[in-house]
Amino acid sequence: MLPIVGRLRKEPVAHTMIKTMSSSRRQFLISAGASIAGLAAQSRRPPNIVWIMADDLGIGDLGCYGQRKIHTPNIDKMAGEGMRFLNAYAGCTVCAPSRSTLMTGYHMGHTSVRTNPGGVPLLASDVTVAQVLKKAGYRCGGYGKWGLGDVGTDGVPSKHGFDDFFGYYNQVHAHWYYTPFLIHNEEEYPLAGNTGGKRTTFSHDVISEKALGFIDKEKDNPFFLYVPFTIPHWELLVPQDSEAEYDGKFEETPWIDKAKHYADQPKPHATYAGMITRMDRDIGRILARLEKYHLTDNTIVFFTSDNGGALEIRGDHYFESTSVYRGHKQNFYEGGIRTPLIAKWPGKIKAGSTTDHICSFYDFMPTAAELAAVDAPKGIDGISMLPTLLGKGKQKKHEYLYWELPRHNGKTGEFPKELPMAAIRMGEWKAVRSKPDGPVELYNLNKDVSETTDVAAANPKIRTKMEELFKTARVEPHPQKDPPSNPARWRNM
């Protein structure tokens, strides 16, 4: 028989062990419950939305759309893992108006910014896709070229839903890759080594790093990441490591800037290809960063270009940037507005799929709103593309798509009383007014995708209907005055 003291000493030890085991078990159950709750919360979390946009990239510049000279492995892989659109259109044929339709959900007859001088702002009353997503608890970041309001205007990103924006506000500023500074939330952000003619810091690289940093910071929150890259917009320039990949592989005619605003380019084709491949590299890094944080399956990623290709403006058809399509940036033939559009969302969007659905930039607003389970603004022109993306439900279709680019007085911001250069697509039919108050051309895209034969005379009823739509699909724009700027400050002098 154990001494009483021993028995008395053992009881508390045993009791403590039982209490410890019970506490551990409780802690395990609490932890397990928290993990399950966390997983459940993650499954209820709305998808992250990433919109990546090139600048002046032609639909024919990508391997997945037929390019054979320029390497775009990450974008091609994205197309293979997602959906490739065959009838997608930019919002306009030039930068700022196209971005205005993307952000507001209105087509060019209704959106606020309808000119392209550089700093014309959105109105304070304009509601952007970022503001809509904020209602669903999204964190919103933008990295690249804004183009919808310079510093000090009502159009800056911070007044339209963005928690963080880094890059170029005035789109003319975005003509220079070795600029002395970029803008971060209305403040100048110096780029080291880019003064006095030195070219040390390539702006695209800094923008890419900031976009990756946004994912690092917001990985635990639903987020909207908007990446309007400046590549391959002029200035035609890229670091040597990207140009070297193509050095000596292409026919070259040196491009000399007689005005001395930009760098002369002895190898323009190697440079152009190098710019696109560098952008492709950084798109791959964005996709890899999503994978690192296990966000891929709950993130829908889009890739597109803000308008048609610009090489053809100089008469350079070496890469066939606009593919089989007529025209280029600055006009409303297919080469000026038809754009690549790729969407990837594993497990939701069918891998390797294509669609003939006819859509435009202003469809992004209602699509994003439906993804986030919030309401888009009433009365917008866009239609959600989610049924097409998911292959579920009935996809509503546009009666027509509308584009215009009115002339305006840069000093007063006023518009002349004329019907502007414009275009309409209605099913297989495409109407183009190539000059203000000019005649309406008509093309059947099912038979003539290259718009070689004007059939307006042979189809008077359709032409008449299009002529009426050119008048009724729009409202007169408000005066748009570009705020004063000093381009010399933006250049690498």
# chains A, B, ... in the order shown; residues from 1 in each chain; ligands from 1

call {"tool": "select_by_dssp", "arguments": {"residues": "segment 231-304 of chain A", "states": "strand (DSSP E or B)", "output": "list in words"}}
result
Trp255, Gln265, Thr299, Ile300, Val301, Phe302, Phe303 and Thr304 of chain A

call {"tool": "residues_around", "arguments": {"residues": "segment 53-66 of chain A", "least_positions_apart": "6", "cutoff": "8 Å", "atoms": "only C-alpha atoms", "output": "NGL selection string"}}
result
:A and (72-73 or 75-76 or 79 or 95 or 227-233 or 303-310 or 319-323 or 329 or 335 or 338-340)

call {"tool": "closest_atom_pairs", "arguments": {"of": "segment 100-174 of chain A", "to": "segment 477-493 of chain A", "cutoff": "10 Å", "atoms": "only C-alpha atoms", "output": "CSV"}}
result
residue,atom,partner,partner_atom,distance
A:Met108,CA,A:Pro477,CA,9.6
A:Gly109,CA,A:Pro477,CA,8.0
A:His110,CA,A:Pro477,CA,7.6
A:Thr111,CA,A:Pro477,CA,8.3
A:Ser112,CA,A:Pro477,CA,7.0
A:Val113,CA,A:Gln480,CA,7.6
A:Arg114,CA,A:Pro477,CA,7.4
A:Thr115,CA,A:Gln480,CA,7.5
A:Asn116,CA,A:Asp482,CA,9.1
A:Pro117,CA,A:Asp482,CA,6.6
A:Gly118,CA,A:Asp482,CA,6.9
A:Gly119,CA,A:Asp482,CA,5.4
A:Val120,CA,A:Asp482,CA,4.8
A:Pro121,CA,A:Asp482,CA,8.0
A:Leu122,CA,A:Gln480,CA,9.7
A:Leu123,CA,A:His478,CA,9.9
A:Gly149,CA,A:Pro483,CA,8.7
A:Asp150,CA,A:Pro483,CA,7.5
A:Val151,CA,A:Pro483,CA,9.4
A:Gly152,CA,A:Pro483,CA,9.1
A:Thr153,CA,A:Pro483,CA,8.2
A:Asn170,CA,A:Ser485,CA,8.7
A:Val172,CA,A:Pro487,CA,7.5
A:His173,CA,A:Trp490,CA,5.7
A:Ala174,CA,A:Trp490,CA,8.5

call {"tool": "select_by_dssp", "arguments": {"residues": "segment 210-417 of chain A", "states": "helix (DSSP H, G or I)", "output": "VMD selection string"}}
result
chain A and resid 210 to 218 240 to 243 268 to 292 296 to 298 311 to 314 334 to 337 361 to 372 386 to 390

call {"tool": "write_last_selection", "arguments": {"atoms": "C-alpha atoms", "output": "short mmCIF file (atom, residue, chain, number, x, y, z; two decimals), in the first residue's frame"}}
result
data_model
loop_
_atom_site.label_atom_id
_atom_site.label_comp_id
_atom_site.auth_asym_id
_atom_site.auth_seq_id
_atom_site.Cartn_x
_atom_site.Cartn_y
_atom_site.Cartn_z
CA LYS A 210 4.41 47.11 -58.52
CA ALA A 211 1.69 44.87 -59.96
CA LEU A 212 3.33 41.82 -58.41
CA GLY A 213 3.63 43.68 -55.12
CA PHE A 214 -0.12 44.31 -55.14
CA ILE A 215 -0.75 40.56 -55.31
CA ASP A 216 1.69 40.03 -52.43
CA LYS A 217 -0.12 42.61 -50.32
CA GLU A 218 -3.72 41.72 -51.14
CA GLN A 240 19.19 45.12 -74.77
CA ASP A 241 18.50 41.77 -73.12
CA SER A 242 15.07 41.65 -74.81
CA GLU A 243 16.21 43.03 -78.16
CA PRO A 268 12.93 48.49 -85.16
CA HIS A 269 11.70 44.95 -85.81
CA ALA A 270 13.96 43.34 -83.21
CA THR A 271 12.94 46.07 -80.79
CA TYR A 272 9.21 45.69 -81.43
CA ALA A 273 9.37 41.91 -81.03
CA GLY A 274 11.53 42.28 -77.92
CA MET A 275 8.99 44.61 -76.34
CA ILE A 276 6.15 42.15 -76.82
CA THR A 277 8.19 39.20 -75.55
CA ARG A 278 9.23 41.21 -72.48
CA MET A 279 5.59 41.94 -71.75
CA ASP A 280 4.78 38.25 -72.24
CA ARG A 281 7.50 37.39 -69.71
CA ASP A 282 5.90 39.64 -67.11
CA ILE A 283 2.44 38.24 -67.77
CA GLY A 284 3.96 34.87 -66.98
CA ARG A 285 5.30 36.30 -63.72
CA ILE A 286 1.84 37.57 -62.76
CA LEU A 287 0.33 34.14 -63.41
CA ALA A 288 3.14 32.49 -61.43
CA ARG A 289 2.57 34.83 -58.49
CA LEU A 290 -1.10 33.85 -58.40
CA GLU A 291 -0.03 30.20 -58.42
CA LYS A 292 2.44 30.81 -55.59
CA THR A 296 -5.14 30.50 -59.58
CA ASP A 297 -8.37 28.54 -59.20
CA ASN A 298 -10.20 31.52 -57.71
CA LEU A 311 2.88 49.53 -86.94
CA GLU A 312 0.77 49.83 -90.08
CA ILE A 313 0.39 53.58 -89.49
CA ARG A 314 4.01 53.77 -90.69
CA GLU A 334 -11.42 45.88 -88.35
CA GLY A 335 -7.66 46.31 -87.96
CA GLY A 336 -8.25 49.39 -85.84
CA ILE A 337 -10.75 47.94 -83.36
CA PHE A 361 -14.78 46.58 -73.76
CA TYR A 362 -17.95 47.99 -72.26
CA ASP A 363 -19.07 44.43 -71.53
CA PHE A 364 -16.37 44.13 -68.86
CA MET A 365 -18.24 46.30 -66.33
CA PRO A 366 -21.38 44.09 -66.11
CA THR A 367 -19.27 40.93 -66.33
CA ALA A 368 -17.14 41.99 -63.36
CA ALA A 369 -20.22 43.04 -61.42
CA GLU A 370 -21.86 39.64 -61.96
CA LEU A 371 -18.65 37.87 -60.91
CA ALA A 372 -18.66 39.89 -57.68
CA LEU A 386 -20.41 35.40 -68.00
CA PRO A 387 -22.72 32.87 -69.73
CA THR A 388 -20.24 32.65 -72.61
CA LEU A 389 -17.25 32.39 -70.27
CA LEU A 390 -18.78 29.66 -68.13
#

call {"tool": "closest_residue", "arguments": {"among": "A:Arg44, A:His160, A:His107, A:Lys135", "to": "Val374 of chain A", "atoms": "only C-alpha atoms"}}
result
A:Lys135

call {"tool": "atom_distance", "arguments": {"atom1": "atom CA of Asn221 of chain A", "atom2": "atom CA of Tyr138 of chain A"}}
result
7.0 Å

call {"tool": "closest_atom_pairs", "arguments": {"of": "segment 418-486 of chain A", "to": "segment 403-409 of chain A", "cutoff": "9 Å", "atoms": "only C-alpha atoms", "output": "CSV"}}
result
residue,atom,partner,partner_atom,distance
A:Glu418,CA,A:Pro406,CA,8.5
A:Leu419,CA,A:Pro406,CA,7.8
A:Pro420,CA,A:Pro406,CA,4.7
A:Met421,CA,A:Leu405,CA,5.6
A:Ala422,CA,A:Glu404,CA,4.0
A:Ala423,CA,A:Trp403,CA,5.2
A:Ile424,CA,A:Trp403,CA,6.4
A:Arg425,CA,A:Trp403,CA,9.0
A:Pro436,CA,A:Pro406,CA,7.7
A:Arg474,CA,A:Glu404,CA,8.9
A:Pro477,CA,A:Pro406,CA,8.8
A:Pro479,CA,A:His408,CA,8.4
A:Gln480,CA,A:His408,CA,7.9
A:Lys481,CA,A:Asn409,CA,8.2

call {"tool": "closest_residue", "arguments": {"among": "A:Phe166, A:Tyr400, A:Tyr443, A:Phe332", "to": "Thr93 of chain A", "atoms": "only C-alpha atoms"}}
result
A:Phe332

call {"tool": "residues_around", "arguments": {"residues": "segment 180-189 of chain A", "least_positions_apart": "5", "cutoff": "6 Å", "atoms": "only C-alpha atoms", "output": "number ranges by chain"}}
result
A: 151, 165-168, 194-195

call {"tool": "atom_distance", "arguments": {"atom1": "atom CA of Leu445 of chain A", "atom2": "atom CA of Gln330 of chain A"}}
result
20.0 Å

call {"tool": "residues_around", "arguments": {"residues": "Met466 of chain A", "least_positions_apart": "4", "cutoff": "8 Å", "atoms": "only C-alpha atoms", "output": "VMD selection string"}}
result
chain A and resid 424 431 462 470

call {"tool": "closest_residue", "arguments": {"among": "A:His261, A:His357, A:Lys378, A:His71", "to": "Gly197 of chain A", "atoms": "only C-alpha atoms"}}
result
A:His261

call {"tool": "atom_distance", "arguments": {"atom1": "atom CA of Asn446 of chain A", "atom2": "atom CA of Arg433 of chain A"}}
result
19.6 Å
